[in-house]
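Colleague: Before we start, here is the structure in question, set down as structure tokens.
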Amino acid sequence: MDRAAQNGDQLRNELVRVSAEYEGMPGDIARGRELARGFLARVRAAQGLPVSDRATDLVQLVVSELLTNACKYAPGPSLVDLELAEDRVEVTVWDSDPVLPVAETADPGRIGRHGLEIVMAVCQSFEVHREPVGKRMRAAVRLADDMNGTAVGRPS
């Protein structure tokens, strides 16, 4: 493969996937949201795909919630991957804690610890897997709204 083709492949990969490492430092969650905003802006501009404002907000929210949990509960680094997959963005967060998260029973009186409930409510899908070291959480968010102008999440 010649250099121009390699550069073209690399550019396409950068347009459909981005990764970042975080260390649990102040500002990591804001940097994660900025990573999501920048990635979706590139998807919108370079790929010509419709990305609703609501989808942009939801992807940032999902990144924020999953990265917050990684920073709060897992010692060491965490990784965030954002990948374009047809009509959705897959948000993957890896952290070093092998304990799988469990959404708590809904309790409107509870202060805090609603992040996983929120992620599961706004995403098309959510899964978590133990890894040889730590765990990997993956959530999918649709890029476009449905005909009623609302983001399409999990079926009711």
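Please note that chains go A, B, ... in the order of the structure tokens, that every chain numbers its residues from 1, and that ligands are numbered from 1 in the order shown.
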Show me, as a PDB file with N, CA and C atoms, in the first residue's frame, the residues that have an atom within 10 Å of Pro132 in chain A when counting only C-alpha atoms, minus same-chain residues fewer than 2 positions from it.
Modeller:
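The new file out17.pdb reads:
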ATOM      1  N   SER A  96      -9.712   0.105  35.632  1.00  0.00           N
ATOM      2  CA  SER A  96      -8.938  -0.976  36.240  1.00  0.00           C
ATOM      3  C   SER A  96      -9.674  -1.748  37.329  1.00  0.00           C
ATOM      4  N   PRO A  98     -12.216  -4.408  38.609  1.00  0.00           N
ATOM      5  CA  PRO A  98     -12.934  -5.546  38.036  1.00  0.00           C
ATOM      6  C   PRO A  98     -14.391  -5.665  38.498  1.00  0.00           C
ATOM      7  N   HIS A 129     -18.363  -5.740  30.549  1.00  0.00           N
ATOM      8  CA  HIS A 129     -17.643  -7.020  30.557  1.00  0.00           C
ATOM      9  C   HIS A 129     -16.396  -6.892  31.399  1.00  0.00           C
ATOM     10  N   ARG A 130     -16.133  -7.935  32.178  1.00  0.00           N
ATOM     11  CA  ARG A 130     -14.870  -8.021  32.903  1.00  0.00           C
ATOM     12  C   ARG A 130     -13.768  -8.290  31.900  1.00  0.00           C
ATOM     13  N   GLY A 134      -9.463  -5.245  35.002  1.00  0.00           N
ATOM     14  CA  GLY A 134     -10.548  -4.267  35.047  1.00  0.00           C
ATOM     15  C   GLY A 134     -11.800  -4.693  34.310  1.00  0.00           C
ATOM     16  N   LYS A 135     -12.491  -3.678  33.773  1.00  0.00           N
ATOM     17  CA  LYS A 135     -13.745  -3.922  33.059  1.00  0.00           C
ATOM     18  C   LYS A 135     -13.877  -2.929  31.921  1.00  0.00           C
TER      19      LYS A 135
END
Colleague: When DSSP works through the backbone of this structure, what residues of range 31-98 of chain A end up as helix (DSSP H, G or I), shown as an MDAnalysis selection string?
Modeller: chainID A and resid 31:47 53:73
Colleague: Kindly save the residues from that selection, with C-alpha atoms included, as a PDB file, in the first residue's frame.
Modeller:
ATOM      1  CA  ARG A  31     -11.862  16.793  28.927  1.00  0.00           C
ATOM      2  CA  GLY A  32     -13.929  13.674  28.206  1.00  0.00           C
ATOM      3  CA  ARG A  33     -16.952  15.795  27.288  1.00  0.00           C
ATOM      4  CA  GLU A  34     -14.747  17.955  25.049  1.00  0.00           C
ATOM      5  CA  LEU A  35     -13.423  14.800  23.364  1.00  0.00           C
ATOM      6  CA  ALA A  36     -17.030  13.785  22.626  1.00  0.00           C
ATOM      7  CA  ARG A  37     -18.002  17.247  21.295  1.00  0.00           C
ATOM      8  CA  GLY A  38     -14.965  17.395  19.021  1.00  0.00           C
ATOM      9  CA  PHE A  39     -15.487  13.866  17.730  1.00  0.00           C
ATOM     10  CA  LEU A  40     -19.149  14.500  16.897  1.00  0.00           C
ATOM     11  CA  ALA A  41     -18.320  17.798  15.194  1.00  0.00           C
ATOM     12  CA  ARG A  42     -15.833  15.924  12.963  1.00  0.00           C
ATOM     13  CA  VAL A  43     -18.414  13.209  12.257  1.00  0.00           C
ATOM     14  CA  ARG A  44     -20.938  15.877  11.274  1.00  0.00           C
ATOM     15  CA  ALA A  45     -18.513  17.877   9.112  1.00  0.00           C
ATOM     16  CA  ALA A  46     -16.351  15.193   7.515  1.00  0.00           C
ATOM     17  CA  GLN A  47     -18.789  12.321   7.202  1.00  0.00           C
ATOM     18  CA  ASP A  53     -27.972  18.483  19.225  1.00  0.00           C
ATOM     19  CA  ARG A  54     -29.723  16.076  21.557  1.00  0.00           C
ATOM     20  CA  ALA A  55     -27.420  13.228  20.481  1.00  0.00           C
ATOM     21  CA  THR A  56     -24.406  15.466  21.100  1.00  0.00           C
ATOM     22  CA  ASP A  57     -25.718  16.237  24.585  1.00  0.00           C
ATOM     23  CA  LEU A  58     -26.450  12.560  25.292  1.00  0.00           C
ATOM     24  CA  VAL A  59     -23.021  11.350  24.160  1.00  0.00           C
ATOM     25  CA  GLN A  60     -21.398  13.961  26.392  1.00  0.00           C
ATOM     26  CA  LEU A  61     -23.627  12.887  29.281  1.00  0.00           C
ATOM     27  CA  VAL A  62     -22.776   9.204  28.799  1.00  0.00           C
ATOM     28  CA  VAL A  63     -19.040   9.936  28.595  1.00  0.00           C
ATOM     29  CA  SER A  64     -19.322  12.126  31.683  1.00  0.00           C
ATOM     30  CA  GLU A  65     -21.215   9.536  33.752  1.00  0.00           C
ATOM     31  CA  LEU A  66     -19.053   6.546  32.781  1.00  0.00           C
ATOM     32  CA  LEU A  67     -15.805   8.469  33.172  1.00  0.00           C
ATOM     33  CA  THR A  68     -16.958   9.871  36.526  1.00  0.00           C
ATOM     34  CA  ASN A  69     -17.536   6.325  37.776  1.00  0.00           C
ATOM     35  CA  ALA A  70     -14.126   5.236  36.491  1.00  0.00           C
ATOM     36  CA  CYS A  71     -12.394   8.167  38.190  1.00  0.00           C
ATOM     37  CA  LYS A  72     -14.364   7.701  41.403  1.00  0.00           C
ATOM     38  CA  TYR A  73     -14.198   3.938  41.876  1.00  0.00           C
TER      39      TYR A  73
END
Colleague: Could you pull out the residues in chain A that DSSP calls strand (DSSP E) from the backbone, as a PyMOL selection string?
Modeller: chain A and resi 17-22+78-85+88-95+125-130+135-142
Colleague: Which polymer residues have any atom within 7 Å of an atom of Arg136 in chain A, counting only C-alpha atoms, with same-chain residues fewer than 3 positions away left out, as an mmCIF file with N, CA, C and O atoms, in the first residue's frame?
Modeller:
data_model
loop_
_atom_site.group_PDB
_atom_site.id
_atom_site.type_symbol
_atom_site.label_atom_id
_atom_site.label_comp_id
_atom_site.auth_asym_id
_atom_site.auth_seq_id
_atom_site.Cartn_x
_atom_site.Cartn_y
_atom_site.Cartn_z
ATOM 1 N N THR A 92 -17.110 3.658 24.773
ATOM 2 C CA THR A 92 -16.527 2.578 25.567
ATOM 3 C C THR A 92 -15.581 3.182 26.592
ATOM 4 O O THR A 92 -14.736 4.008 26.244
ATOM 5 N N VAL A 93 -15.756 2.775 27.838
ATOM 6 C CA VAL A 93 -14.868 3.225 28.906
ATOM 7 C C VAL A 93 -14.306 1.986 29.575
ATOM 8 O O VAL A 93 -15.044 1.103 30.004
ATOM 9 N N TRP A 94 -12.975 1.948 29.635
ATOM 10 C CA TRP A 94 -12.277 0.879 30.354
ATOM 11 C C TRP A 94 -11.709 1.480 31.626
ATOM 12 O O TRP A 94 -11.221 2.621 31.631
ATOM 13 N N ASP A 95 -11.797 0.719 32.722
ATOM 14 C CA ASP A 95 -11.100 1.121 33.944
ATOM 15 C C ASP A 95 -10.514 -0.118 34.606
ATOM 16 O O ASP A 95 -10.760 -1.241 34.188
ATOM 17 N N VAL A 128 -21.541 -4.386 29.899
ATOM 18 C CA VAL A 128 -20.293 -4.302 30.654
ATOM 19 C C VAL A 128 -19.686 -5.695 30.712
ATOM 20 O O VAL A 128 -20.409 -6.694 30.843
ATOM 21 N N HIS A 129 -18.363 -5.740 30.549
ATOM 22 C CA HIS A 129 -17.643 -7.020 30.557
ATOM 23 C C HIS A 129 -16.396 -6.892 31.399
ATOM 24 O O HIS A 129 -15.697 -5.886 31.336
ATOM 25 N N ARG A 130 -16.133 -7.935 32.178
ATOM 26 C CA ARG A 130 -14.870 -8.021 32.903
ATOM 27 C C ARG A 130 -13.768 -8.290 31.900
ATOM 28 O O ARG A 130 -13.966 -9.022 30.943
ATOM 29 N N GLU A 131 -12.622 -7.685 32.091
ATOM 30 C CA GLU A 131 -11.451 -7.864 31.237
ATOM 31 C C GLU A 131 -10.364 -8.562 32.056
ATOM 32 O O GLU A 131 -10.495 -8.667 33.276
#
Colleague: One number please: CA of Ser52 in chain A to CA of Met137 in chain A, in Å, one decimal.
Modeller: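 Interatomic distance here is 23.6 Å.
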Colleague: Using only C-alpha atoms, I'd like a table of the residues in range 48-138 of chain A that come within 8 Å of range 17-23 of chain A; for each, show the closest atom pair and its distance in Å rounded to one decimal, ordered by chain and ascending number, as a tab-separated table.
Modeller:
residue	atom	partner	partner_atom	distance
A:Cys71	CA	A:Glu23	CA	7.6
A:Gly76	CA	A:Glu23	CA	6.2
A:Pro77	CA	A:Glu23	CA	4.4
A:Ser78	CA	A:Tyr22	CA	5.2
A:Leu79	CA	A:Glu21	CA	4.5
A:Val80	CA	A:Ala20	CA	5.4
A:Asp81	CA	A:Ser19	CA	4.3
A:Leu82	CA	A:Val18	CA	5.3
A:Glu83	CA	A:Arg17	CA	4.3
A:Leu84	CA	A:Arg17	CA	6.3
Colleague: Output C-alpha atoms for every residue in the selection just made, as a PDB file, in the first residue's frame.
Modeller:
ATOM      1  CA  CYS A  71     -12.394   8.167  38.190  1.00  0.00           C
ATOM      2  CA  GLY A  76      -5.327   4.090  38.077  1.00  0.00           C
ATOM      3  CA  PRO A  77      -5.935   5.098  34.488  1.00  0.00           C
ATOM      4  CA  SER A  78      -9.079   4.843  32.402  1.00  0.00           C
ATOM      5  CA  LEU A  79      -9.570   4.829  28.645  1.00  0.00           C
ATOM      6  CA  VAL A  80     -12.384   6.354  26.601  1.00  0.00           C
ATOM      7  CA  ASP A  81     -13.067   5.235  23.026  1.00  0.00           C
ATOM      8  CA  LEU A  82     -15.688   6.843  20.789  1.00  0.00           C
ATOM      9  CA  GLU A  83     -16.494   5.029  17.574  1.00  0.00           C
ATOM     10  CA  LEU A  84     -18.915   5.703  14.754  1.00  0.00           C
TER      11      LEU A  84
END
Colleague: Tell me, as a ChimeraX atom specification, which residues lie within 10 Å of Val122 in chain A, counting only C-alpha atoms; anything in the same chain fewer than 2 positions away does not count.
Modeller: /A:55,58-59,61-62,117-120,124-126,139-142,151-154
Colleague: Could you save the residues just selected, with all heavy atoms, as a CSV table (one decimal), in the first residue's frame?
Modeller:
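Saved file out.csv follows:
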chain,number,residue,atom,x,y,z
A,55,ALA,N,-28.4,14.3,20.5
A,55,ALA,CA,-27.4,13.2,20.5
A,55,ALA,C,-26.1,13.7,21.0
A,55,ALA,O,-25.4,13.0,21.8
A,55,ALA,CB,-27.3,12.6,19.1
A,58,LEU,N,-26.4,13.9,24.7
A,58,LEU,CA,-26.4,12.6,25.3
A,58,LEU,C,-25.1,11.9,25.3
A,58,LEU,O,-24.7,11.2,26.3
A,58,LEU,CB,-27.5,11.7,24.6
A,58,LEU,CG,-28.9,12.1,24.8
A,58,LEU,CD1,-29.9,11.2,24.0
A,58,LEU,CD2,-29.3,12.1,26.3
A,59,VAL,N,-24.3,12.0,24.2
A,59,VAL,CA,-23.0,11.4,24.2
A,59,VAL,C,-22.1,12.0,25.2
A,59,VAL,O,-21.4,11.3,25.9
A,59,VAL,CB,-22.4,11.4,22.8
A,59,VAL,CG1,-20.9,11.0,22.8
A,59,VAL,CG2,-23.2,10.6,21.8
A,61,LEU,N,-23.1,13.3,28.0
A,61,LEU,CA,-23.6,12.9,29.3
A,61,LEU,C,-23.1,11.5,29.6
A,61,LEU,O,-22.7,11.2,30.7
A,61,LEU,CB,-25.2,12.9,29.3
A,61,LEU,CG,-25.9,12.4,30.5
A,61,LEU,CD1,-25.5,13.2,31.7
A,61,LEU,CD2,-27.4,12.3,30.3
A,62,VAL,N,-23.2,10.6,28.6
A,62,VAL,CA,-22.8,9.2,28.8
A,62,VAL,C,-21.3,9.2,29.1
A,62,VAL,O,-20.8,8.5,30.0
A,62,VAL,CB,-23.1,8.3,27.6
A,62,VAL,CG1,-22.5,7.0,27.6
A,62,VAL,CG2,-24.7,8.2,27.5
A,117,GLU,N,-28.2,4.5,36.0
A,117,GLU,CA,-29.6,4.5,35.7
A,117,GLU,C,-29.8,5.4,34.5
A,117,GLU,O,-30.5,5.1,33.5
A,117,GLU,CB,-30.4,5.0,36.8
A,117,GLU,CG,-30.5,4.1,38.0
A,117,GLU,CD,-31.2,4.9,39.1
A,117,GLU,OE1,-32.4,5.2,39.0
A,117,GLU,OE2,-30.6,5.0,40.2
A,118,ILE,N,-29.1,6.6,34.5
A,118,ILE,CA,-29.3,7.6,33.5
A,118,ILE,C,-28.7,7.0,32.2
A,118,ILE,O,-29.3,7.1,31.1
A,118,ILE,CB,-28.5,8.9,33.9
A,118,ILE,CG1,-29.3,9.6,35.0
A,118,ILE,CG2,-28.4,9.8,32.7
A,118,ILE,CD1,-28.5,10.7,35.7
A,119,VAL,N,-27.5,6.5,32.2
A,119,VAL,CA,-26.9,5.9,31.0
A,119,VAL,C,-27.8,4.9,30.4
A,119,VAL,O,-28.0,4.9,29.2
A,119,VAL,CB,-25.5,5.3,31.3
A,119,VAL,CG1,-24.9,4.5,30.2
A,119,VAL,CG2,-24.5,6.4,31.7
A,120,MET,N,-28.3,4.0,31.2
A,120,MET,CA,-29.1,2.9,30.7
A,120,MET,C,-30.5,3.4,30.1
A,120,MET,O,-31.0,2.9,29.2
A,120,MET,CB,-29.4,1.9,31.8
A,120,MET,CG,-28.1,1.1,32.2
A,120,MET,SD,-28.3,0.0,33.6
A,120,MET,CE,-29.3,-1.3,32.9
A,124,GLN,N,-29.2,3.3,23.4
A,124,GLN,CA,-29.8,2.2,22.7
A,124,GLN,C,-29.4,0.9,23.3
A,124,GLN,O,-30.2,0.0,23.3
A,124,GLN,CB,-29.2,2.3,21.3
A,124,GLN,CG,-30.1,2.6,20.2
A,124,GLN,CD,-29.4,2.5,18.9
A,124,GLN,OE1,-28.3,2.9,18.7
A,124,GLN,NE2,-30.1,1.9,17.9
A,125,SER,N,-28.2,0.8,23.8
A,125,SER,CA,-27.8,-0.4,24.4
A,125,SER,C,-26.7,-0.1,25.4
A,125,SER,O,-26.0,1.0,25.4
A,125,SER,CB,-27.2,-1.4,23.4
A,125,SER,OG,-26.1,-0.9,22.8
A,126,PHE,N,-26.5,-1.0,26.4
A,126,PHE,CA,-25.5,-0.8,27.4
A,126,PHE,C,-25.0,-2.2,27.8
A,126,PHE,O,-25.8,-3.1,28.0
A,126,PHE,CB,-26.0,-0.1,28.7
A,126,PHE,CG,-24.9,0.0,29.8
A,126,PHE,CD1,-23.9,0.9,29.7
A,126,PHE,CD2,-25.0,-0.9,30.8
A,126,PHE,CE1,-22.9,0.9,30.6
A,126,PHE,CE2,-24.0,-0.8,31.8
A,126,PHE,CZ,-23.0,0.1,31.7
A,139,ALA,N,-21.7,1.7,25.7
A,139,ALA,CA,-23.0,2.2,25.5
A,139,ALA,C,-23.1,2.8,24.1
A,139,ALA,O,-22.2,3.4,23.6
A,139,ALA,CB,-23.3,3.3,26.5
A,140,ALA,N,-24.3,2.6,23.5
A,140,ALA,CA,-24.5,3.1,22.1
A,140,ALA,C,-25.6,4.2,22.2
A,140,ALA,O,-26.6,4.0,22.8
A,140,ALA,CB,-25.0,2.0,21.2
A,141,VAL,N,-25.3,5.3,21.5
A,141,VAL,CA,-26.2,6.5,21.4
A,141,VAL,C,-26.5,6.8,19.9
A,141,VAL,O,-25.5,6.9,19.2
A,141,VAL,CB,-25.6,7.7,22.1
A,141,VAL,CG1,-26.6,8.9,21.9
A,141,VAL,CG2,-25.3,7.4,23.5
A,142,ARG,N,-27.7,6.8,19.6
A,142,ARG,CA,-28.1,7.2,18.2
A,142,ARG,C,-27.7,8.6,17.8
A,142,ARG,O,-27.8,9.5,18.7
A,142,ARG,CB,-29.6,7.1,17.9
A,142,ARG,CG,-30.0,5.7,17.7
A,142,ARG,CD,-31.5,5.7,17.2
A,142,ARG,NE,-31.9,4.3,17.1
A,142,ARG,CZ,-32.3,3.8,16.0
A,142,ARG,NH1,-32.3,4.4,14.9
A,142,ARG,NH2,-32.6,2.5,16.0
A,151,ALA,N,-34.6,11.8,21.0
A,151,ALA,CA,-33.6,10.8,20.7
A,151,ALA,C,-34.1,9.4,20.9
A,151,ALA,O,-35.0,9.2,21.8
A,151,ALA,CB,-32.4,11.0,21.6
A,152,VAL,N,-33.7,8.5,20.1
A,152,VAL,CA,-34.2,7.1,20.2
A,152,VAL,C,-33.3,6.4,21.2
A,152,VAL,O,-32.0,6.3,20.9
A,152,VAL,CB,-34.2,6.5,18.8
A,152,VAL,CG1,-34.6,5.0,18.9
A,152,VAL,CG2,-35.0,7.2,17.8
A,153,GLY,N,-33.8,5.9,22.3
A,153,GLY,CA,-33.0,5.2,23.2
A,153,GLY,C,-33.5,3.7,23.3
A,153,GLY,O,-33.8,3.2,22.2
A,154,ARG,N,-33.5,3.2,24.4
A,154,ARG,CA,-34.0,1.8,24.6
A,154,ARG,C,-35.5,1.7,24.4
A,154,ARG,O,-36.2,2.6,24.7
A,154,ARG,CB,-33.7,1.3,26.0
A,154,ARG,CG,-32.2,1.1,26.2
A,154,ARG,CD,-32.0,0.7,27.6
A,154,ARG,NE,-30.8,-0.1,27.6
A,154,ARG,CZ,-30.5,-1.2,28.2
A,154,ARG,NH1,-31.4,-1.7,29.0
A,154,ARG,NH2,-29.4,-1.8,28.1
Colleague: Have a look at CA of Ala144 in chain A and CA of Ala103 in chain A and let me know their distance in Å, one decimal.
Modeller: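 About the pair CA of Ala144 in chain A and CA of Ala103 in chain A: they are 26.4 Å apart.
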Colleague: At what distance in Å, to one decimal, does CA of Arg88 in chain A lie from CA of Leu116 in chain A?
Modeller: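 These two atoms are separated by 19.3 Å.
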